[in-house]
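Have a look at upload15.cif; it's mmCIF, C-alpha atoms:
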data_protein
#
loop_
_atom_site.label_atom_id
_atom_site.label_comp_id
_atom_site.auth_asym_id
_atom_site.auth_seq_id
_atom_site.Cartn_x
_atom_site.Cartn_y
_atom_site.Cartn_z
CA MET G 1 4.31 -13.93 -54.34
CA ALA G 2 0.88 -14.08 -55.95
CA ALA G 3 2.26 -16.22 -58.73
CA THR G 4 3.75 -18.64 -56.19
CA LEU G 5 0.42 -18.87 -54.37
CA ILE G 6 -1.50 -19.48 -57.58
CA SER G 7 0.91 -22.11 -58.84
CA ARG G 8 1.06 -23.85 -55.45
CA ASN G 9 -2.74 -23.89 -55.18
CA SER G 10 -3.27 -25.09 -58.71
CA MET G 11 -0.65 -27.81 -58.27
CA SER G 12 -2.34 -29.06 -55.10
CA LEU G 13 -5.67 -28.99 -56.95
CA VAL G 14 -4.24 -31.07 -59.77
CA ARG G 15 -2.91 -33.59 -57.27
CA ARG G 16 -6.24 -33.71 -55.46
CA SER G 17 -8.26 -34.32 -58.60
CA VAL G 18 -6.21 -37.42 -59.37
CA ILE G 19 -7.12 -39.23 -56.16
CA ILE G 20 -10.89 -38.70 -56.22
CA SER G 21 -11.37 -42.10 -57.83
CA ALA G 22 -14.20 -44.33 -56.69
CA ILE G 23 -13.49 -48.04 -56.35
CA ARG G 24 -11.63 -49.69 -59.20
CA THR G 25 -12.36 -53.11 -60.60
CA LYS G 26 -10.57 -54.28 -63.66
CA GLY G 27 -12.49 -54.19 -66.95
CA THR G 28 -15.94 -54.23 -65.36
CA MET G 29 -18.05 -51.65 -63.63
CA PRO G 30 -20.26 -51.84 -60.56
CA SER G 31 -23.91 -51.01 -61.02
CA GLY G 32 -26.68 -49.36 -59.06
CA ALA G 33 -26.46 -49.62 -55.29
CA ASP G 34 -22.98 -51.18 -55.47
CA HIS G 35 -21.63 -47.95 -56.91
CA ALA G 36 -23.88 -45.47 -55.10
CA THR G 37 -23.23 -44.01 -51.67
CA GLY G 38 -24.92 -41.74 -49.11
CA LEU G 39 -28.51 -40.70 -49.59
CA GLU G 40 -28.57 -41.98 -53.16
CA LYS G 41 -27.74 -45.47 -51.88
CA LYS G 42 -30.34 -45.30 -49.11
CA GLU G 43 -32.97 -44.37 -51.69
CA LEU G 44 -31.95 -47.23 -54.00
CA LEU G 45 -31.97 -49.76 -51.14
CA ALA G 46 -35.38 -48.54 -49.95
CA LYS G 47 -36.80 -48.94 -53.45
CA ALA G 48 -35.21 -52.39 -53.79
CA ALA G 49 -36.93 -53.32 -50.51
CA GLY G 50 -40.28 -52.35 -52.02
CA ASN G 51 -40.61 -48.81 -50.65
CA GLU G 52 -41.52 -46.73 -53.69
CA ASN G 53 -42.02 -43.59 -51.59
CA PRO G 54 -38.94 -43.37 -49.33
CA PHE G 55 -39.18 -39.62 -48.70
CA ASP G 56 -42.96 -39.43 -48.07
CA MET G 57 -43.33 -37.16 -51.07
CA ARG G 58 -46.64 -38.49 -52.34
CA VAL G 59 -50.15 -37.32 -51.48
CA ILE G 60 -51.37 -39.31 -48.48
CA LYS G 61 -54.42 -41.39 -49.36
CA ARG G 62 -57.06 -41.01 -46.68
CA ASN G 63 -58.34 -44.08 -44.86
CA ALA G 64 -61.69 -44.43 -43.07
CA GLY G 65 -60.52 -41.76 -40.62
CA THR G 66 -62.74 -42.55 -37.64
CA LYS G 67 -61.99 -41.25 -34.16
CA ASP G 68 -60.38 -44.59 -33.23
CA THR G 69 -58.43 -44.98 -36.47
CA PRO G 70 -57.42 -41.45 -37.47
CA ASN G 71 -55.35 -40.71 -40.60
CA GLN G 72 -51.72 -40.71 -39.52
CA ILE G 73 -49.93 -37.59 -40.73
CA PRO G 74 -46.12 -37.82 -40.38
CA SER G 75 -44.19 -34.72 -39.43
CA ILE G 76 -40.72 -33.80 -38.18
CA PHE G 77 -42.18 -30.78 -36.36
CA ASP G 78 -44.81 -30.21 -33.66
CA LYS G 79 -47.45 -29.21 -36.20
CA ARG G 80 -48.27 -29.70 -39.86
CA LEU G 81 -50.65 -28.01 -42.28
CA VAL G 82 -53.09 -30.60 -43.61
CA GLY G 83 -55.20 -30.14 -46.73
CA CYS G 84 -58.23 -32.43 -46.81
CA ILE G 85 -60.02 -33.16 -50.07
CA CYS G 86 -63.25 -33.76 -48.27
CA GLU G 87 -65.03 -35.54 -51.11
CA GLU G 88 -64.11 -36.63 -54.62
CA GLU G 89 -66.06 -33.79 -56.23
CA ALA G 90 -64.77 -31.11 -53.86
CA THR G 91 -63.82 -27.92 -55.68
CA CYS G 92 -61.46 -26.72 -52.96
CA VAL G 93 -59.04 -28.09 -50.42
CA THR G 94 -59.90 -27.63 -46.75
CA TRP G 95 -56.81 -26.59 -44.78
CA MET G 96 -56.17 -26.92 -41.07
CA TRP G 97 -53.26 -27.00 -38.64
CA LEU G 98 -52.71 -30.34 -36.97
CA TYR G 99 -50.82 -30.30 -33.63
CA LYS G 100 -48.85 -33.04 -31.90
CA GLY G 101 -50.98 -34.94 -29.36
CA GLU G 102 -54.24 -33.28 -30.49
CA PRO G 103 -56.09 -35.48 -32.99
CA ARG G 104 -58.37 -33.24 -35.02
CA ARG G 105 -61.47 -33.66 -37.11
CA CYS G 106 -61.97 -32.01 -40.48
CA GLU G 107 -65.36 -30.41 -41.06
CA CYS G 108 -66.20 -33.35 -43.36
CA GLY G 109 -65.84 -35.75 -40.40
CA HIS G 110 -62.47 -37.40 -41.10
CA TRP G 111 -60.02 -37.60 -38.21
CA PHE G 112 -56.30 -36.82 -38.41
CA LYS G 113 -53.44 -37.39 -35.98
CA LEU G 114 -49.87 -36.14 -36.08
CA VAL G 115 -47.22 -38.87 -35.78
CA GLU G 116 -43.46 -38.59 -35.79
CA ALA G 117 -41.95 -38.97 -39.24
CA LYS G 118 -39.30 -41.67 -39.45
CA GLY G 119 -37.36 -40.40 -42.45
CA LEU G 120 -34.92 -42.43 -44.48
CA MET X 1 -34.37 -36.36 -35.29
CA THR X 2 -32.40 -38.76 -37.43
CA GLY X 3 -32.50 -39.67 -41.09
CA HIS X 4 -33.37 -37.74 -44.22
CA PHE X 5 -36.83 -36.35 -44.69
CA HIS X 6 -36.54 -35.07 -48.24
CA PRO X 7 -34.67 -36.09 -51.40
CA TYR X 8 -33.35 -32.65 -52.29
CA HIS X 9 -29.75 -31.48 -52.31
CA LEU X 10 -29.35 -28.38 -50.14
CA VAL X 11 -26.01 -27.12 -51.37
CA ASP X 12 -23.20 -25.96 -49.10
CA GLN X 13 -21.75 -22.46 -49.05
CA SER X 14 -19.46 -22.03 -52.03
CA PRO X 15 -17.06 -19.32 -53.21
CA TRP X 16 -17.46 -20.19 -56.91
CA PRO X 17 -20.45 -17.95 -57.75
CA LEU X 18 -18.39 -15.01 -56.47
CA THR X 19 -15.22 -15.96 -58.36
CA ALA X 20 -17.34 -16.61 -61.48
CA ALA X 21 -18.81 -13.12 -61.21
CA ILE X 22 -15.35 -11.59 -60.76
CA GLY X 23 -14.06 -13.55 -63.75
CA ALA X 24 -17.04 -12.65 -65.95
CA PHE X 25 -16.67 -8.98 -65.07
CA GLY X 26 -12.92 -9.08 -65.78
CA LEU X 27 -13.51 -10.88 -69.08
CA THR X 28 -16.17 -8.41 -70.27
CA ALA X 29 -14.44 -5.25 -69.08
CA GLY X 30 -11.10 -6.57 -70.35
CA LEU X 31 -12.54 -7.29 -73.80
CA VAL X 32 -13.99 -3.77 -74.07
CA LYS X 33 -10.71 -2.32 -72.80
CA GLY X 34 -8.78 -4.48 -75.27
CA PHE X 35 -10.90 -3.25 -78.19
CA HIS X 36 -10.12 0.28 -76.99
CA ASN X 37 -6.34 0.13 -76.49
CA SER X 38 -5.26 -3.27 -77.92
CA ASN X 39 -4.10 -4.55 -74.52
CA PHE X 40 -5.99 -7.73 -73.61
CA ASN X 41 -4.23 -8.56 -70.31
CA LEU X 42 -7.34 -7.94 -68.18
CA CYS X 43 -9.39 -10.05 -70.62
CA PHE X 44 -6.98 -12.98 -70.23
CA ILE X 45 -6.95 -12.64 -66.43
CA GLY X 46 -10.78 -12.75 -66.48
CA LEU X 47 -10.71 -15.81 -68.75
CA PHE X 48 -8.19 -17.52 -66.46
CA ILE X 49 -10.38 -16.87 -63.38
CA ILE X 50 -13.44 -18.22 -65.26
CA ILE X 51 -11.60 -21.39 -66.31
CA LEU X 52 -10.30 -21.94 -62.76
CA THR X 53 -13.84 -21.41 -61.42
CA MET X 54 -15.39 -23.81 -63.93
CA PHE X 55 -12.87 -26.51 -63.04
CA GLN X 56 -13.41 -26.20 -59.30
CA TRP X 57 -17.16 -25.69 -59.37
CA TRP X 58 -17.82 -28.73 -61.55
CA ARG X 59 -15.24 -30.74 -59.59
CA ASP X 60 -17.35 -29.98 -56.50
CA VAL X 61 -20.53 -31.06 -58.32
CA SER X 62 -19.01 -34.39 -59.35
CA ARG X 63 -17.76 -34.98 -55.79
CA GLU X 64 -21.23 -34.23 -54.40
CA GLY X 65 -22.84 -36.61 -56.86
CA THR X 66 -20.30 -39.42 -57.01
CA LEU X 67 -18.53 -39.46 -53.66
CA GLN X 68 -21.15 -37.95 -51.32
CA GLY X 69 -24.18 -39.61 -52.90
CA LEU X 70 -26.23 -36.42 -52.89
CA HIS X 71 -27.71 -36.92 -56.36
CA THR X 72 -30.95 -38.79 -55.63
CA ASN X 73 -33.61 -39.42 -58.26
CA ALA X 74 -35.26 -36.06 -57.61
CA VAL X 75 -31.93 -34.22 -57.88
CA GLU X 76 -31.05 -35.96 -61.14
CA PHE X 77 -34.50 -35.01 -62.48
CA GLY X 78 -33.58 -31.36 -61.84
CA LEU X 79 -30.18 -31.77 -63.52
CA ARG X 80 -31.87 -33.29 -66.59
CA TRP X 81 -34.33 -30.44 -66.95
CA GLY X 82 -31.54 -27.93 -66.39
CA MET X 83 -29.57 -29.42 -69.29
CA ILE X 84 -32.66 -29.61 -71.54
CA LEU X 85 -33.50 -25.95 -70.96
CA PHE X 86 -29.84 -24.94 -71.42
CA ILE X 87 -29.69 -26.71 -74.79
CA LEU X 88 -33.01 -25.11 -75.76
CA SER X 89 -31.49 -21.68 -75.06
CA GLU X 90 -28.53 -22.66 -77.25
CA VAL X 91 -30.91 -23.64 -80.05
CA LEU X 92 -32.44 -20.16 -79.90
CA PHE X 93 -28.94 -18.61 -79.88
CA PHE X 94 -28.11 -20.32 -83.18
CA PHE X 95 -31.62 -19.66 -84.53
CA SER X 96 -30.78 -15.94 -84.45
CA PHE X 97 -27.68 -16.46 -86.61
CA PHE X 98 -29.64 -18.45 -89.15
CA TRP X 99 -32.28 -15.69 -89.13
CA ALA X 100 -29.56 -13.12 -89.92
CA PHE X 101 -28.17 -15.35 -92.67
CA PHE X 102 -31.50 -15.98 -94.38
CA HIS X 103 -32.59 -12.37 -93.93
CA SER X 104 -29.52 -11.25 -95.91
CA SER X 105 -29.23 -14.09 -98.41
CA LEU X 106 -32.86 -14.58 -99.50
CA SER X 107 -33.16 -11.02 -100.85
CA PRO X 108 -29.60 -9.80 -101.38
CA THR X 109 -29.40 -6.01 -101.50
CA ILE X 110 -28.17 -4.00 -104.45
CA GLU X 111 -24.89 -3.30 -102.59
CA LEU X 112 -24.15 -7.05 -102.74
CA GLY X 113 -24.84 -7.07 -106.48
CA SER X 114 -28.37 -8.42 -105.88
CA CYS X 115 -26.95 -11.92 -105.81
CA TRP X 116 -25.74 -14.51 -103.27
CA PRO X 117 -22.88 -15.16 -102.71
CA PRO X 118 -22.26 -11.42 -103.18
CA VAL X 119 -20.22 -10.20 -106.14
CA GLY X 120 -16.52 -10.88 -105.54
CA VAL X 121 -17.04 -13.43 -102.77
CA ASP X 122 -15.45 -16.76 -103.65
CA ALA X 123 -17.35 -19.23 -101.44
CA PHE X 124 -16.00 -22.60 -100.27
CA ASN X 125 -16.76 -25.72 -102.28
CA PRO X 126 -19.11 -27.51 -99.86
CA PHE X 127 -18.14 -30.96 -101.19
CA GLN X 128 -14.50 -30.72 -100.15
CA VAL X 129 -13.54 -30.13 -96.49
CA PRO X 130 -17.08 -29.19 -95.29
CA LEU X 131 -18.42 -32.56 -96.50
CA LEU X 132 -15.53 -34.32 -94.74
CA ASN X 133 -16.42 -32.37 -91.58
CA THR X 134 -20.01 -33.58 -91.91
CA ALA X 135 -18.79 -37.18 -92.12
CA VAL X 136 -16.47 -36.65 -89.12
CA LEU X 137 -19.27 -35.29 -86.93
CA LEU X 138 -21.75 -37.98 -88.00
CA ALA X 139 -19.12 -40.62 -87.21
CA SER X 140 -18.55 -39.05 -83.78
CA GLY X 141 -22.31 -39.33 -83.19
CA VAL X 142 -21.98 -43.07 -83.81
CA THR X 143 -18.98 -43.46 -81.49
CA VAL X 144 -20.64 -41.52 -78.65
CA THR X 145 -23.64 -43.88 -78.94
CA TRP X 146 -21.21 -46.83 -78.87
CA ALA X 147 -19.73 -45.36 -75.66
CA HIS X 148 -23.19 -44.96 -74.12
CA HIS X 149 -24.23 -48.54 -74.85
CA SER X 150 -20.90 -49.83 -73.52
CA LEU X 151 -21.50 -47.84 -70.34
CA ILE X 152 -25.01 -49.28 -69.96
CA GLU X 153 -23.58 -52.79 -70.41
CA SER X 154 -20.83 -52.10 -67.83
CA ASN X 155 -18.11 -52.59 -70.41
CA PHE X 156 -15.33 -50.44 -68.98
CA ASN X 157 -12.78 -50.82 -71.79
CA GLU X 158 -15.10 -50.28 -74.75
CA THR X 159 -16.53 -47.17 -73.07
CA SER X 160 -12.98 -45.81 -72.80
CA TYR X 161 -12.12 -46.61 -76.42
CA ALA X 162 -15.37 -45.21 -77.85
CA LEU X 163 -15.15 -42.05 -75.75
CA LEU X 164 -11.51 -41.52 -76.74
CA LEU X 165 -12.44 -41.99 -80.41
CA THR X 166 -15.26 -39.43 -80.06
CA VAL X 167 -12.89 -36.90 -78.49
CA MET X 168 -10.33 -37.51 -81.26
CA LEU X 169 -12.98 -36.98 -83.96
CA GLY X 170 -13.97 -33.72 -82.23
CA ILE X 171 -10.34 -32.56 -82.25
CA TYR X 172 -10.02 -33.61 -85.91
CA PHE X 173 -13.09 -31.50 -86.79
CA THR X 174 -11.59 -28.49 -85.00
CA ILE X 175 -8.26 -28.90 -86.84
CA LEU X 176 -10.07 -29.10 -90.22
CA GLN X 177 -12.05 -25.94 -89.42
CA VAL X 178 -8.84 -24.12 -88.44
CA PHE X 179 -7.30 -25.04 -91.81
CA GLU X 180 -10.47 -23.87 -93.59
CA TYR X 181 -10.33 -20.53 -91.78
CA TYR X 182 -6.66 -20.08 -92.73
CA GLN X 183 -7.41 -20.80 -96.37
CA ALA X 184 -10.62 -18.75 -96.61
CA PRO X 185 -10.49 -16.30 -99.52
CA PHE X 186 -12.86 -13.94 -97.65
CA SER X 187 -12.80 -12.49 -94.12
CA ILE X 188 -15.36 -11.55 -91.46
CA ALA X 189 -15.14 -7.99 -92.86
CA ASP X 190 -16.17 -9.03 -96.41
CA SER X 191 -19.80 -7.95 -96.62
CA VAL X 192 -22.70 -9.57 -94.78
CA TYR X 193 -21.62 -12.87 -96.34
CA GLY X 194 -18.38 -12.91 -94.34
CA SER X 195 -20.11 -11.64 -91.19
CA THR X 196 -22.88 -14.25 -91.14
CA PHE X 197 -20.50 -17.03 -92.26
CA PHE X 198 -17.82 -16.46 -89.61
CA VAL X 199 -20.19 -15.60 -86.75
CA ALA X 200 -22.30 -18.74 -87.33
CA THR X 201 -19.46 -21.18 -88.07
CA GLY X 202 -17.22 -19.51 -85.45
CA PHE X 203 -19.73 -19.94 -82.65
CA HIS X 204 -20.34 -23.49 -83.83
CA GLY X 205 -16.59 -24.15 -83.69
CA LEU X 206 -16.49 -22.76 -80.14
CA HIS X 207 -19.33 -25.13 -79.21
CA VAL X 208 -17.42 -28.07 -80.74
CA ILE X 209 -14.43 -27.20 -78.53
CA ILE X 210 -16.68 -26.96 -75.46
CA GLY X 211 -18.40 -30.27 -76.33
CA THR X 212 -15.05 -31.99 -76.88
CA THR X 213 -13.85 -30.73 -73.48
CA PHE X 214 -17.10 -31.95 -71.87
CA LEU X 215 -16.58 -35.43 -73.40
CA LEU X 216 -12.90 -35.43 -72.39
CA ILE X 217 -13.89 -34.69 -68.78
CA CYS X 218 -16.33 -37.63 -69.03
CA LEU X 219 -13.46 -39.82 -70.23
CA PHE X 220 -11.33 -38.78 -67.22
CA ARG X 221 -14.25 -39.36 -64.85
CA HIS X 222 -14.89 -42.75 -66.44
CA THR X 223 -11.28 -43.83 -65.90
CA LEU X 224 -11.75 -42.80 -62.23
CA ASN X 225 -14.84 -45.04 -62.11
CA HIS X 226 -17.26 -42.20 -61.47
CA PHE X 227 -20.00 -43.74 -63.63
CA SER X 228 -22.17 -46.78 -63.04
CA SER X 229 -24.30 -48.55 -65.63
CA ASN X 230 -27.48 -46.83 -64.49
CA HIS X 231 -26.23 -43.54 -63.04
CA HIS X 232 -24.05 -41.51 -65.44
CA PHE X 233 -25.91 -38.30 -66.12
CA GLY X 234 -22.68 -36.33 -66.59
CA PHE X 235 -21.97 -38.48 -69.62
CA GLU X 236 -25.55 -38.27 -70.90
CA ALA X 237 -25.50 -34.48 -70.69
CA ALA X 238 -22.24 -34.43 -72.67
CA ALA X 239 -23.79 -36.76 -75.28
CA TRP X 240 -26.92 -34.58 -75.58
CA TYR X 241 -24.74 -31.52 -76.01
CA TRP X 242 -22.62 -33.30 -78.62
CA HIS X 243 -25.70 -34.32 -80.63
CA PHE X 244 -26.92 -30.72 -80.46
CA VAL X 245 -23.58 -29.48 -81.87
CA ASP X 246 -23.81 -32.17 -84.56
CA VAL X 247 -27.34 -31.11 -85.62
CA VAL X 248 -26.34 -27.43 -85.75
CA TRP X 249 -23.49 -28.40 -88.09
CA LEU X 250 -25.91 -30.23 -90.42
CA PHE X 251 -27.99 -27.04 -90.68
CA LEU X 252 -24.85 -24.94 -91.21
CA PHE X 253 -23.62 -27.32 -93.90
CA VAL X 254 -26.90 -27.50 -95.80
CA SER X 255 -27.84 -23.82 -95.47
CA ILE X 256 -24.65 -21.75 -95.37
CA TYR X 257 -22.07 -23.97 -97.09
CA TRP X 258 -24.22 -25.76 -99.66
CA TRP X 259 -27.33 -23.69 -100.48
CA GLY X 260 -25.42 -20.46 -99.71
CA SER X 261 -22.68 -21.26 -102.23
CA CYS X 262 -24.99 -21.94 -105.19
CA LEU X 263 -25.06 -18.61 -107.02
CA PHE X 264 -28.44 -17.06 -107.62
CA SER X 265 -29.42 -13.51 -108.51
CA MET X 266 -32.61 -11.52 -108.14
#

Represent the structure of the file as structure tokens.
Amino acid sequence: MAATLISRNSMSLVRRSVIISAIRTKGTMPSGADHATGLEKKELLAKAAGNENPFDMRVIKRNAGTKDTPNQIPSIFDKRLVGCICEEEATCVTWMWLYKGEPRRCECGHWFKLVEAKGL
Amino acid sequence: MTGHFHPYHLVDQSPWPLTAAIGAFGLTAGLVKGFHNSNFNLCFIGLFIIILTMFQWWRDVSREGTLQGLHTNAVEFGLRWGMILFILSEVLFFFSFFWAFFHSSLSPTIELGSCWPPVGVDAFNPFQVPLLNTAVLLASGVTVTWAHHSLIESNFNETSYALLLTVMLGIYFTILQVFEYYQAPFSIADSVYGSTFFVATGFHGLHVIIGTTFLLICLFRHTLNHFSSNHHFGFEAAAWYWHFVDVVWLFLFVSIYWWGSCLFSM
């Protein structure tokens, strides 16, 4: 019984592994985004379109940050923890919670506003 | 909320860690039990479960990377560092065997006859089969580089040929080592010479078999068009591993086969 189960399962596995081929072109191979799929492909296409930071992973460079033109902080939630490097020589990062719909000013005077993250 | 907000691969639930643990436990307990009563059935069952787990776990990984597109740049970065640290741990593993060898051979004890190779040990001539093995492994290093460059240039057929040649050279090396072991005039029980020789070359041989299997899997995946010219880390990891095995052999050849066979006494 157990032997039958094992042999049946392993046979079906062997059959499955044979058909997991990607596309087939004779003698040549596709490259880059032609071959990629899913998130990998989205990332490659974004980079090809000039977006070097498709997942918003980099440190956000602060702009002037006035009340009328606050720094836009993307988030997928209703709040995000923001760390402001108030000045170039600052020896610590100033942290604060930023809430949706409530632009906030850091103690150094720069304004921040939560915006909805678009994602890839 | 649509779209992806991070590049990381959050893996799905998987049974393989559990089956791997069961297999590893069966293998270890079965080996101890086998040493005790000469019945290795449990050991073989454990080994079978491990092999089944390895096949299915890595099959899942290649599906996630190739067919589901989950291996972004950041994920591949993690895979690279994982392989680098794994190979580093393997380097340290072999370092310990060389330490044992040099510890025993540089100041041979009076029980060995104060000389190396010890009295009565008839060592291999390093310039017969061991030198051929060196040539075979160096040649396989060339063919694996040929395969890599063919892959980068999107040359499907040459990648297949070069990879097949590399695998065949790996199998040839293993066959030569098996013949050497059969013809050895000393055994693992013949003083510290036999112990250090067979533990070091034996583990190296096991690594050659693993590396050959790794490259063979790459050949299968290549024929299924899993690799593209700029995304083929599975192959690169196999090539790194193969070069590591090659370098370990060079040290084995120079230290244990060559230097270790030139008689000297205290």

Closest-contact table, chain X side, partner chain G, 8 Å, counting only C-alpha atoms, as a tab-separated table:
residue	atom	partner	partner_atom	distance
X:Met1	CA	G:Ile76	CA	7.4
X:Thr2	CA	G:Gly119	CA	7.2
X:Gly3	CA	G:Leu120	CA	5.0
X:His4	CA	G:Leu120	CA	4.9
X:Phe5	CA	G:Gly119	CA	4.7
X:His6	CA	G:Phe55	CA	5.3
X:Pro7	CA	G:Phe55	CA	6.3
X:Arg59	CA	G:Ser17	CA	7.9
X:Arg63	CA	G:Ile20	CA	7.8
X:Thr66	CA	G:Ala36	CA	7.3
X:Leu67	CA	G:Thr37	CA	6.8
X:Gln68	CA	G:Gly38	CA	5.8
X:Gly69	CA	G:Gly38	CA	4.4
X:Leu70	CA	G:Leu39	CA	5.9
X:His71	CA	G:Glu40	CA	6.0
X:Thr72	CA	G:Glu40	CA	4.7
X:Asn73	CA	G:Glu40	CA	7.6
X:Ser154	CA	G:Met29	CA	5.1
X:Asn155	CA	G:Thr28	CA	5.7
X:Phe156	CA	G:Gly27	CA	5.1
X:Asn157	CA	G:Gly27	CA	5.9
X:Leu224	CA	G:Ser21	CA	4.5
X:Asn225	CA	G:Ala22	CA	5.5
X:His226	CA	G:Ala22	CA	6.1
X:Ser228	CA	G:Ser31	CA	5.0
X:Ser229	CA	G:Ser31	CA	5.2
X:Asn230	CA	G:Gly32	CA	6.0
X:His231	CA	G:Gly32	CA	7.1

- Message: If we count all atoms listed in the file and set the cut-off at 9 Å, which residues sit around Gly109 (chain G), ignoring sequence neighbours fewer than 2 positions away in its own chain? Please answer as a ChimeraX atom specification.
- Response: /G:65-66,86,105-107,111

- Can you list what the PyMOL selection byres ((chain G and resi 93) around 7) grabs from this structure, as an NGL selection string? :G and (83-85 or 92 or 94-95)

- Residues returned when the PyMOL selection byres ((chain X and resi 53) around 10) runs on this file, as a ChimeraX atom specification: /X:15-23,47-52,54-59

Translate the PyMOL selection byres ((chain X and resi 184) around 12), as applied to the file shown, into an explicit residue set as a CSV table (one decimal) with C-alpha atoms, in the coordinates of the input.
chain,number,residue,atom,x,y,z
X,121,VAL,CA,-17.0,-13.4,-102.8
X,122,ASP,CA,-15.4,-16.8,-103.6
X,123,ALA,CA,-17.4,-19.2,-101.4
X,124,PHE,CA,-16.0,-22.6,-100.3
X,125,ASN,CA,-16.8,-25.7,-102.3
X,129,VAL,CA,-13.5,-30.1,-96.5
X,177,GLN,CA,-12.0,-25.9,-89.4
X,178,VAL,CA,-8.8,-24.1,-88.4
X,179,PHE,CA,-7.3,-25.0,-91.8
X,180,GLU,CA,-10.5,-23.9,-93.6
X,181,TYR,CA,-10.3,-20.5,-91.8
X,182,TYR,CA,-6.7,-20.1,-92.7
X,183,GLN,CA,-7.4,-20.8,-96.4
X,185,PRO,CA,-10.5,-16.3,-99.5
X,186,PHE,CA,-12.9,-13.9,-97.6
X,187,SER,CA,-12.8,-12.5,-94.1
X,188,ILE,CA,-15.4,-11.6,-91.5
X,190,ASP,CA,-16.2,-9.0,-96.4
X,194,GLY,CA,-18.4,-12.9,-94.3
X,197,PHE,CA,-20.5,-17.0,-92.3
X,198,PHE,CA,-17.8,-16.5,-89.6

- Counting all atoms listed in the file, which of X:Ser160, X:Ser62, X:Thr166, X:Thr223 gets nearest to Gly141 (chain X)? X:Thr166

- Message: What's the separation between CA of Phe97 (chain X) and CA of Trp259 (chain X), in Å to one decimal place?
- Response: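 Calculated distance between CA of Phe97 (chain X) and CA of Trp259 (chain X) is 15.6 Å.
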